[in-house]
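A short write-up of the structure that comes next.
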Amino acid sequence: MGLGALTPLPGSPQVAYRAGSLALDGCDVADLAARFGTPLYAYSRTAMLAALSAYQQALEGRDHLICYAVKANSSLAVLQTFARAGCGFDIVSSGELERVLAAGAEPSKVVFSGVGKTRAEMRQALAVGVMCFNVESEAELDALSAVAVQSGHTARISLRVNPDVDPKTHPYISTGLKGNKFGIGHERAVAVYAHAASLPGLEVVGIDCHIGSQITDIAPYLDAVDRVLDLVEAVEASGARLHHLDLGGGLGITYTDEQPPSAADLIGALLQRIDARGHGHRRLMFEPGRSLVGNAGLLVTEVLYLKPAHDAGGKNFCIVDAAMNDLMRPAMYEAWMGIVPCRLRADPPVTCDVVGPVCESGDWLGRDRALAVQPGDHLAVLSAGAYGMSMASNYNTRGRAAEVMVSGDQVWLIRERETPADLFRHEHLLPAQS
Ligand SMILES: *Cc1c(COP(=O)(O)O)cnc(C)c1O
């Protein structure tokens with residue numbers, strides 16, 4: 001990190017030092033912090049659109065649909081950015097359905113995933129006309145059939161199959177192995193498709209899988225697609241027709257030194273396998289979440305206090321105003337996220353733990369980081385665009401952070417900081433004489 005040159009950081013060309021100051025796209029990050037306050041999420045629209053475009057270009061000339069997995073970052077302006085660029089959406093709740101509609105999505109580009117869809121959610125999604133339900137169990141299939149018949153709609157469905165491959169990622173975000181709650185077992189799939197074909201109100205249109213998240217290898221995807229294609233062949237041998245293959249999301253990003261394949265390389269390898277097996281005519285769908293937004297976002301925080309090792313039993317602490325409620329990934333998955341100063345100082349760095357104000361020892365953002373900072377400085381947590389704001393909570397009655405979207409030197413406030421009044425707006429005191 002030189003003090004003079006433009007020095008890009010891992011993950012995104014839109015995040016770089018310019019003359020010792022951190023920039024996001026064309027904006028100075030410390031200036032954003034001064035203008036909007038902290039904690040602050042800041043996203044580069046340029047970086048999000050570039051990530052989407054890598055998928056779109058890799059699939060050009062093919063019948064395809066990219067459905068952004070909304071749970072990675074469900075802020076309306078993020079959804080709007082993708083909707084305007086022609087993207088579809090993968091949702092897991094009626095809340096997410098309402099969000100994508102409010103952001104301008106076409107229902108015909110929405111797929112509904114998730115192991116626990118309620119009947120009310122099914123009814124709403126049918127009325128709106130979503131493109132497809134990704135069904136995860138036989139019991140759900142029966143419920144969806146009943147709801148469709150009652151409401152006079154036909155539900156287009158795909159079965160989420162569990163290909164039983166190991167994506168070699170964190171166990172909490174591995175979803176395609178036997179023994180986890182997702183999908184229909186590989187060996188049951190042909191029978192469940194036959195059952196689906198016998199039920200009223202359903203139209204079988206595809207097959208899908210999603211094997212995990214933060215995957216940094218192509219090999220598990222190739223194993224999964226092979227197993228899915230085996231099933232497609234077996235299901236079609238019994239007379240059904242599967243128009244689309246949905247291969248889910250899960251492509252990893254660079255937090256530190258991971259080297260995930262590019263979307264182009266991943267899709268290139270998958271297309272080669274799909275074509276080689278004679279399935280190239282099918283519509284292809286993907287559900288990327290993290291890889292579209294992760295590297296496009298920062299969490300900006302202010303250093304409140306430095307607590308040197310002699311005060312705190314042998315460790316230096318850098319106490320900041322962002323906490324586990326703003327960014328759960330370190331506390332929840334022990335995730336490593338880059339933390340850098342918004343303005344470089346020439347002082348020698350000190351090794352410290354970067355921690356928030358929440359009353360939990362799990363409230364840390366980074367451990368043993370070498371940082372040259374003083375109280376009042378700003379730090380940026382890198383690659384915080386995915387599973388950051390969307391997992392934020394109000395623990396400790398902390399309002400959720402504000403969010404801005406930037407593009408070049410333009411800045412838009414896309415979410416206001418929550419106030420304490422916002423947080424208890426729906427609560428009631430007991431009556432006076434109770
Ligand atoms: C979470 C999820 C995704 C997106 O995963 P990423 O790792 O963020 O790409 C896609 N599909 C389904 C069904 C999911 O649950």
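Chain identifiers are assigned as A, B, and so on, following the order in which chains appear in the structure tokens; residues are numbered from 1 within each chain, and ligands are numbered from 1 in order of appearance.
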
Exercise answer, 6 Å around ligand 1 with only C-alpha atoms and all ligand atoms, as an MDAnalysis selection string: chainID A and resid 69 72 113 210 213:214 248:251 287:291

Same residues, all heavy atoms, saved as a compact mmCIF listing (two decimals), in the first residue's frame:
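As a result, part07.txt now contains:
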```txt
# COMPACT_ATOMS: atom_id res chain seq x y z
N ALA A 69 -30.02 -13.87 -6.05
CA ALA A 69 -30.51 -14.39 -4.77
C ALA A 69 -30.65 -13.23 -3.80
O ALA A 69 -29.67 -12.73 -3.24
CB ALA A 69 -29.57 -15.46 -4.22
N ALA A 72 -28.89 -12.18 -0.25
CA ALA A 72 -27.51 -11.69 -0.10
C ALA A 72 -27.48 -10.20 0.23
O ALA A 72 -26.63 -9.73 0.99
CB ALA A 72 -26.71 -11.97 -1.36
N SER A 113 -37.72 -20.04 -3.86
CA SER A 113 -37.00 -21.15 -3.23
C SER A 113 -37.31 -21.19 -1.74
O SER A 113 -37.96 -20.28 -1.21
CB SER A 113 -35.49 -20.96 -3.40
OG SER A 113 -35.12 -20.94 -4.75
N HIS A 210 -28.73 -26.39 -5.56
CA HIS A 210 -27.89 -25.28 -5.04
C HIS A 210 -27.04 -25.93 -3.97
O HIS A 210 -27.57 -26.41 -2.97
CB HIS A 210 -28.77 -24.17 -4.45
CG HIS A 210 -27.99 -23.14 -3.69
ND1 HIS A 210 -27.18 -22.24 -4.31
CD2 HIS A 210 -27.86 -22.93 -2.35
CE1 HIS A 210 -26.59 -21.48 -3.37
NE2 HIS A 210 -27.00 -21.88 -2.19
N SER A 213 -22.38 -22.25 -0.56
CA SER A 213 -22.02 -20.85 -0.76
C SER A 213 -20.52 -20.66 -0.57
O SER A 213 -19.86 -21.49 0.08
CB SER A 213 -22.80 -20.01 0.25
OG SER A 213 -22.85 -18.66 -0.14
N GLN A 214 -19.99 -19.58 -1.13
CA GLN A 214 -18.55 -19.29 -1.04
C GLN A 214 -17.74 -20.49 -1.54
O GLN A 214 -16.77 -20.94 -0.92
CB GLN A 214 -18.18 -18.85 0.39
CG GLN A 214 -16.74 -18.37 0.60
CD GLN A 214 -16.31 -17.25 -0.33
OE1 GLN A 214 -17.10 -16.55 -0.95
NE2 GLN A 214 -15.01 -17.06 -0.50
N GLY A 248 -28.43 -23.01 -9.44
CA GLY A 248 -28.26 -22.34 -8.16
C GLY A 248 -27.19 -21.27 -8.19
O GLY A 248 -26.80 -20.76 -9.25
N GLY A 249 -26.72 -20.92 -6.99
CA GLY A 249 -25.68 -19.89 -6.87
C GLY A 249 -24.46 -20.47 -6.20
O GLY A 249 -24.12 -21.62 -6.43
N GLY A 250 -23.83 -19.68 -5.36
CA GLY A 250 -22.76 -20.22 -4.53
C GLY A 250 -21.35 -19.85 -4.90
O GLY A 250 -20.42 -20.16 -4.15
N LEU A 251 -21.17 -19.20 -6.06
CA LEU A 251 -19.80 -18.86 -6.45
C LEU A 251 -19.17 -17.92 -5.41
O LEU A 251 -19.78 -16.94 -4.99
CB LEU A 251 -19.80 -18.21 -7.84
CG LEU A 251 -18.43 -17.78 -8.38
CD1 LEU A 251 -17.47 -18.96 -8.49
CD2 LEU A 251 -18.60 -17.10 -9.74
N GLU A 287 -28.56 -18.73 -9.86
CA GLU A 287 -29.07 -17.92 -8.73
C GLU A 287 -27.92 -17.33 -7.94
O GLU A 287 -27.77 -17.60 -6.73
CB GLU A 287 -29.92 -18.80 -7.81
CG GLU A 287 -31.10 -19.48 -8.47
CD GLU A 287 -31.71 -20.59 -7.59
OE1 GLU A 287 -31.14 -20.93 -6.53
OE2 GLU A 287 -32.77 -21.11 -7.98
N PRO A 288 -27.06 -16.52 -8.55
CA PRO A 288 -25.94 -15.97 -7.80
C PRO A 288 -26.39 -14.91 -6.80
O PRO A 288 -27.28 -14.10 -7.09
CB PRO A 288 -25.05 -15.34 -8.88
CG PRO A 288 -26.00 -14.99 -10.00
CD PRO A 288 -27.10 -16.03 -9.95
N GLY A 289 -25.80 -14.93 -5.62
CA GLY A 289 -26.07 -13.90 -4.62
C GLY A 289 -24.78 -13.17 -4.32
O GLY A 289 -24.46 -12.12 -4.87
N ARG A 290 -23.97 -13.78 -3.44
CA ARG A 290 -22.71 -13.19 -2.99
C ARG A 290 -21.84 -12.66 -4.14
O ARG A 290 -21.29 -11.56 -4.04
CB ARG A 290 -21.92 -14.27 -2.23
CG ARG A 290 -20.67 -13.74 -1.55
CD ARG A 290 -19.82 -14.93 -1.02
NE ARG A 290 -20.62 -15.90 -0.29
CZ ARG A 290 -20.81 -15.88 1.03
NH1 ARG A 290 -20.23 -14.96 1.76
NH2 ARG A 290 -21.55 -16.79 1.61
N SER A 291 -21.72 -13.44 -5.22
CA SER A 291 -20.77 -13.05 -6.27
C SER A 291 -21.25 -11.82 -7.06
O SER A 291 -20.46 -11.23 -7.78
CB SER A 291 -20.50 -14.23 -7.21
OG SER A 291 -21.70 -14.70 -7.78
```

In region 129-239 of chain A, DSSP helix (DSSP H, G or I) residues written as number ranges by chain: A: 138-151, 171-173, 186-198, 219-237

Can I get the selection written as a PDB file, in the first residue's frame, with C-alpha atoms?
```pdb
ATOM      1  CA  GLU A 138     -43.005 -34.060  -1.141  1.00  0.00           C
ATOM      2  CA  ALA A 139     -45.096 -32.520   1.617  1.00  0.00           C
ATOM      3  CA  GLU A 140     -44.563 -29.089   0.073  1.00  0.00           C
ATOM      4  CA  LEU A 141     -45.595 -30.475  -3.308  1.00  0.00           C
ATOM      5  CA  ASP A 142     -48.905 -31.703  -1.890  1.00  0.00           C
ATOM      6  CA  ALA A 143     -49.534 -28.385  -0.131  1.00  0.00           C
ATOM      7  CA  LEU A 144     -48.741 -26.367  -3.266  1.00  0.00           C
ATOM      8  CA  SER A 145     -51.051 -28.535  -5.360  1.00  0.00           C
ATOM      9  CA  ALA A 146     -53.899 -27.979  -2.896  1.00  0.00           C
ATOM     10  CA  VAL A 147     -53.324 -24.211  -2.733  1.00  0.00           C
ATOM     11  CA  ALA A 148     -53.125 -23.959  -6.537  1.00  0.00           C
ATOM     12  CA  VAL A 149     -56.370 -25.881  -7.018  1.00  0.00           C
ATOM     13  CA  GLN A 150     -58.166 -23.800  -4.355  1.00  0.00           C
ATOM     14  CA  SER A 151     -57.062 -20.544  -5.892  1.00  0.00           C
ATOM     15  CA  PRO A 171     -20.537 -26.442   7.124  1.00  0.00           C
ATOM     16  CA  TYR A 172     -23.171 -23.760   7.836  1.00  0.00           C
ATOM     17  CA  ILE A 173     -23.228 -22.731   4.161  1.00  0.00           C
ATOM     18  CA  HIS A 186     -31.088 -37.823  -5.360  1.00  0.00           C
ATOM     19  CA  GLU A 187     -32.434 -41.372  -5.066  1.00  0.00           C
ATOM     20  CA  ARG A 188     -36.021 -40.160  -4.438  1.00  0.00           C
ATOM     21  CA  ALA A 189     -36.174 -37.616  -7.233  1.00  0.00           C
ATOM     22  CA  VAL A 190     -37.600 -39.770 -10.051  1.00  0.00           C
ATOM     23  CA  ALA A 191     -40.431 -40.986  -7.820  1.00  0.00           C
ATOM     24  CA  VAL A 192     -41.203 -37.459  -6.602  1.00  0.00           C
ATOM     25  CA  TYR A 193     -41.364 -36.170 -10.187  1.00  0.00           C
ATOM     26  CA  ALA A 194     -43.851 -38.948 -10.959  1.00  0.00           C
ATOM     27  CA  HIS A 195     -45.876 -37.904  -7.920  1.00  0.00           C
ATOM     28  CA  ALA A 196     -45.775 -34.265  -9.072  1.00  0.00           C
ATOM     29  CA  ALA A 197     -47.075 -35.263 -12.504  1.00  0.00           C
ATOM     30  CA  SER A 198     -50.056 -36.979 -10.852  1.00  0.00           C
ATOM     31  CA  ALA A 219     -15.110 -29.363  -9.518  1.00  0.00           C
ATOM     32  CA  PRO A 220     -18.117 -29.631  -7.139  1.00  0.00           C
ATOM     33  CA  TYR A 221     -20.269 -27.776  -9.680  1.00  0.00           C
ATOM     34  CA  LEU A 222     -19.278 -30.261 -12.401  1.00  0.00           C
ATOM     35  CA  ASP A 223     -20.087 -33.170 -10.081  1.00  0.00           C
ATOM     36  CA  ALA A 224     -23.448 -31.601  -9.292  1.00  0.00           C
ATOM     37  CA  VAL A 225     -24.345 -30.925 -12.928  1.00  0.00           C
ATOM     38  CA  ASP A 226     -23.479 -34.505 -13.844  1.00  0.00           C
ATOM     39  CA  ARG A 227     -25.771 -35.851 -11.153  1.00  0.00           C
ATOM     40  CA  VAL A 228     -28.538 -33.424 -12.145  1.00  0.00           C
ATOM     41  CA  LEU A 229     -28.235 -34.433 -15.805  1.00  0.00           C
ATOM     42  CA  ASP A 230     -28.413 -38.119 -14.804  1.00  0.00           C
ATOM     43  CA  LEU A 231     -31.704 -37.293 -13.122  1.00  0.00           C
ATOM     44  CA  VAL A 232     -32.997 -35.276 -16.066  1.00  0.00           C
ATOM     45  CA  GLU A 233     -32.396 -38.284 -18.287  1.00  0.00           C
ATOM     46  CA  ALA A 234     -34.085 -40.651 -15.843  1.00  0.00           C
ATOM     47  CA  VAL A 235     -37.087 -38.344 -15.343  1.00  0.00           C
ATOM     48  CA  GLU A 236     -37.559 -37.757 -19.072  1.00  0.00           C
ATOM     49  CA  ALA A 237     -37.295 -41.501 -19.764  1.00  0.00           C
TER      50      ALA A 237
END
```

Could you pull the residues within 6 Å of region 46-60 of chain A, counting only C-alpha atoms, minus those fewer than 4 positions along the same chain, as a ChimeraX atom specification? /A:263-264,292-293,296,407

If you keep N, CA, C and O atoms, can you produce a file of those selected residues as an mmCIF file, in the first residue's frame?
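Ended up saving to result-v4.cif:
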```cif
data_model
loop_
_atom_site.group_PDB
_atom_site.id
_atom_site.type_symbol
_atom_site.label_atom_id
_atom_site.label_comp_id
_atom_site.auth_asym_id
_atom_site.auth_seq_id
_atom_site.Cartn_x
_atom_site.Cartn_y
_atom_site.Cartn_z
ATOM 1 N N ALA A 263 -16.881 -15.946 -13.067
ATOM 2 C CA ALA A 263 -18.182 -16.431 -13.547
ATOM 3 C C ALA A 263 -18.024 -16.978 -14.964
ATOM 4 O O ALA A 263 -18.630 -17.999 -15.320
ATOM 5 N N ALA A 264 -17.186 -16.339 -15.771
ATOM 6 C CA ALA A 264 -16.981 -16.786 -17.158
ATOM 7 C C ALA A 264 -16.380 -18.188 -17.184
ATOM 8 O O ALA A 264 -16.820 -19.056 -17.949
ATOM 9 N N LEU A 292 -22.519 -11.424 -6.921
ATOM 10 C CA LEU A 292 -22.970 -10.197 -7.596
ATOM 11 C C LEU A 292 -22.782 -8.952 -6.725
ATOM 12 O O LEU A 292 -22.688 -7.845 -7.259
ATOM 13 N N VAL A 293 -22.770 -9.112 -5.418
ATOM 14 C CA VAL A 293 -22.771 -7.922 -4.556
ATOM 15 C C VAL A 293 -21.645 -7.859 -3.522
ATOM 16 O O VAL A 293 -21.319 -6.781 -3.021
ATOM 17 N N ALA A 296 -18.713 -5.546 -3.993
ATOM 18 C CA ALA A 296 -19.126 -4.177 -4.340
ATOM 19 C C ALA A 296 -19.387 -3.310 -3.120
ATOM 20 O O ALA A 296 -19.647 -2.119 -3.265
ATOM 21 N N SER A 407 -21.895 5.743 -7.848
ATOM 22 C CA SER A 407 -21.563 5.399 -9.228
ATOM 23 C C SER A 407 -20.701 6.538 -9.740
ATOM 24 O O SER A 407 -21.171 7.678 -9.799
#
```

Quick check for you: according to DSSP on this backbone, which residues of region 155-293 of chain A are classed as strand (DSSP E)? Reply as a PyMOL selection string. chain A and resi 155-162+184-185+202-208+244-246+283-286

Can you pull out the residues contacting region 300-311 of chain A? Cut-off 8 Å, using only C-alpha atoms, and skip same-chain residues under 6 positions away; I want them as a short mmCIF file (atom, residue, chain, number, x, y, z; two decimals) with all heavy atoms, in the first residue's frame.
```
data_model
loop_
_atom_site.label_atom_id
_atom_site.label_comp_id
_atom_site.auth_asym_id
_atom_site.auth_seq_id
_atom_site.Cartn_x
_atom_site.Cartn_y
_atom_site.Cartn_z
N VAL A 29 -14.01 7.57 0.62
CA VAL A 29 -14.84 6.87 1.61
C VAL A 29 -14.92 7.64 2.93
O VAL A 29 -15.98 7.70 3.55
CB VAL A 29 -14.30 5.43 1.82
CG1 VAL A 29 -15.09 4.71 2.89
CG2 VAL A 29 -14.37 4.65 0.50
N ALA A 33 -18.25 8.94 5.00
CA ALA A 33 -18.48 8.73 6.44
C ALA A 33 -18.81 10.06 7.12
O ALA A 33 -19.71 10.14 7.96
CB ALA A 33 -17.26 8.08 7.08
N THR A 38 -21.63 7.13 10.60
CA THR A 38 -21.24 5.71 10.64
C THR A 38 -22.05 5.02 11.74
O THR A 38 -22.53 5.69 12.64
CB THR A 38 -19.73 5.57 10.95
OG1 THR A 38 -19.44 6.32 12.14
CG2 THR A 38 -18.87 6.07 9.80
N PRO A 39 -22.18 3.70 11.69
CA PRO A 39 -21.76 2.78 10.64
C PRO A 39 -22.52 3.04 9.33
O PRO A 39 -23.71 3.41 9.37
CB PRO A 39 -22.11 1.40 11.18
CG PRO A 39 -22.45 1.59 12.63
CD PRO A 39 -22.82 3.00 12.82
N LEU A 40 -21.83 2.83 8.23
CA LEU A 40 -22.40 3.14 6.92
C LEU A 40 -22.03 2.04 5.95
O LEU A 40 -20.85 1.70 5.82
CB LEU A 40 -21.81 4.47 6.43
CG LEU A 40 -22.23 4.92 5.03
CD1 LEU A 40 -23.69 5.40 5.02
CD2 LEU A 40 -21.32 6.05 4.52
N TYR A 41 -23.03 1.50 5.28
CA TYR A 41 -22.75 0.61 4.16
C TYR A 41 -22.68 1.44 2.89
O TYR A 41 -23.54 2.29 2.66
CB TYR A 41 -23.85 -0.44 3.99
CG TYR A 41 -23.65 -1.66 4.87
CD1 TYR A 41 -24.36 -1.81 6.05
CD2 TYR A 41 -22.75 -2.65 4.50
CE1 TYR A 41 -24.17 -2.93 6.85
CE2 TYR A 41 -22.56 -3.78 5.30
CZ TYR A 41 -23.27 -3.91 6.46
OH TYR A 41 -23.08 -5.02 7.25
N ALA A 42 -21.65 1.21 2.08
CA ALA A 42 -21.50 1.91 0.82
C ALA A 42 -21.27 0.88 -0.28
O ALA A 42 -20.46 -0.04 -0.11
CB ALA A 42 -20.33 2.88 0.89
N PHE A 317 -7.04 -3.64 21.80
CA PHE A 317 -8.35 -3.60 21.17
C PHE A 317 -8.56 -2.26 20.48
O PHE A 317 -8.19 -1.21 21.02
CB PHE A 317 -9.47 -3.81 22.20
CG PHE A 317 -9.55 -5.22 22.70
CD1 PHE A 317 -8.97 -5.58 23.91
CD2 PHE A 317 -10.18 -6.19 21.95
CE1 PHE A 317 -9.01 -6.89 24.36
CE2 PHE A 317 -10.25 -7.51 22.39
CZ PHE A 317 -9.66 -7.85 23.59
N CYS A 318 -9.15 -2.34 19.31
CA CYS A 318 -9.58 -1.15 18.59
C CYS A 318 -11.10 -1.20 18.61
O CYS A 318 -11.72 -2.08 17.99
CB CYS A 318 -9.03 -1.21 17.16
SG CYS A 318 -9.67 0.08 16.09
N ILE A 319 -11.71 -0.32 19.40
CA ILE A 319 -13.17 -0.36 19.58
C ILE A 319 -13.81 0.59 18.58
O ILE A 319 -13.47 1.78 18.53
CB ILE A 319 -13.54 0.01 21.03
CG1 ILE A 319 -12.84 -1.00 21.98
CG2 ILE A 319 -15.05 0.00 21.23
CD1 ILE A 319 -12.85 -0.60 23.43
N VAL A 320 -14.69 0.05 17.77
CA VAL A 320 -15.30 0.83 16.67
C VAL A 320 -16.81 0.92 16.87
O VAL A 320 -17.38 0.24 17.72
CB VAL A 320 -14.98 0.18 15.30
CG1 VAL A 320 -13.46 0.15 15.06
CG2 VAL A 320 -15.57 -1.22 15.18
N ASP A 321 -17.46 1.76 16.06
CA ASP A 321 -18.91 1.96 16.27
C ASP A 321 -19.77 1.01 15.46
O ASP A 321 -21.00 1.09 15.53
CB ASP A 321 -19.31 3.43 16.04
CG ASP A 321 -19.20 3.89 14.59
OD1 ASP A 321 -18.75 3.10 13.74
OD2 ASP A 321 -19.57 5.06 14.32
N ALA A 322 -19.17 0.09 14.70
CA ALA A 322 -19.95 -0.97 14.05
C ALA A 322 -19.79 -2.24 14.87
O ALA A 322 -18.76 -2.43 15.54
CB ALA A 322 -19.46 -1.22 12.63
N VAL A 373 -3.99 3.40 13.43
CA VAL A 373 -5.20 4.22 13.53
C VAL A 373 -5.22 4.99 14.85
O VAL A 373 -4.55 4.61 15.82
CB VAL A 373 -6.50 3.39 13.47
CG1 VAL A 373 -6.81 2.94 12.07
CG2 VAL A 373 -6.47 2.22 14.43
N GLN A 374 -6.03 6.03 14.87
CA GLN A 374 -6.25 6.83 16.06
C GLN A 374 -7.77 7.01 16.22
O GLN A 374 -8.50 6.89 15.25
CB GLN A 374 -5.60 8.22 15.90
CG GLN A 374 -4.07 8.19 15.90
CD GLN A 374 -3.50 7.66 17.21
OE1 GLN A 374 -4.06 7.86 18.28
NE2 GLN A 374 -2.39 6.93 17.11
N PRO A 375 -8.24 7.27 17.45
CA PRO A 375 -9.67 7.54 17.63
C PRO A 375 -10.12 8.65 16.67
O PRO A 375 -9.38 9.61 16.45
CB PRO A 375 -9.76 7.97 19.10
CG PRO A 375 -8.60 7.29 19.76
CD PRO A 375 -7.50 7.28 18.73
N GLY A 376 -11.32 8.47 16.12
CA GLY A 376 -11.82 9.45 15.15
C GLY A 376 -11.53 9.07 13.71
O GLY A 376 -12.18 9.56 12.79
N ASP A 377 -10.55 8.19 13.49
CA ASP A 377 -10.29 7.70 12.13
C ASP A 377 -11.43 6.79 11.67
O ASP A 377 -12.16 6.22 12.50
CB ASP A 377 -9.00 6.86 12.10
CG ASP A 377 -7.74 7.70 12.20
OD1 ASP A 377 -7.85 8.93 12.36
OD2 ASP A 377 -6.64 7.10 12.14
N HIS A 378 -11.52 6.61 10.38
CA HIS A 378 -12.49 5.67 9.83
C HIS A 378 -11.81 4.44 9.28
O HIS A 378 -10.73 4.52 8.69
CB HIS A 378 -13.32 6.35 8.74
CG HIS A 378 -14.23 7.40 9.28
ND1 HIS A 378 -14.07 8.74 9.02
CD2 HIS A 378 -15.30 7.31 10.11
CE1 HIS A 378 -15.00 9.43 9.66
NE2 HIS A 378 -15.76 8.59 10.33
N LEU A 379 -12.47 3.30 9.48
CA LEU A 379 -12.01 2.03 8.91
C LEU A 379 -13.09 1.53 7.96
O LEU A 379 -14.28 1.81 8.15
CB LEU A 379 -11.82 0.98 10.01
CG LEU A 379 -10.71 1.23 11.04
CD1 LEU A 379 -10.79 0.16 12.14
CD2 LEU A 379 -9.35 1.18 10.35
N ALA A 380 -12.67 0.75 6.96
CA ALA A 380 -13.64 0.10 6.07
C ALA A 380 -13.46 -1.40 6.15
O ALA A 380 -12.33 -1.91 6.06
CB ALA A 380 -13.43 0.57 4.63
N VAL A 381 -14.56 -2.12 6.37
CA VAL A 381 -14.55 -3.58 6.27
C VAL A 381 -14.84 -3.88 4.80
O VAL A 381 -15.86 -3.44 4.25
CB VAL A 381 -15.62 -4.22 7.17
CG1 VAL A 381 -15.52 -5.74 7.10
CG2 VAL A 381 -15.47 -3.73 8.61
#
```

Considering only C-alpha atoms, state which residue in the set A:Pro349, A:Gly61, A:Gly26, A:Gly129 is at the smallest distance from Phe112 (chain A).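 Ranking A:Pro349, A:Gly61, A:Gly26, A:Gly129 by distance to Phe112 (chain A), first place goes to A:Gly129.
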
Residue nearest Leu101 (chain A) among A:Gln80, A:Gln14, A:Gln259, A:Asn394 (counting only C-alpha atoms):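 Among A:Gln80, A:Gln14, A:Gln259, A:Asn394, it is A:Gln80 that comes nearest to Leu101 (chain A).
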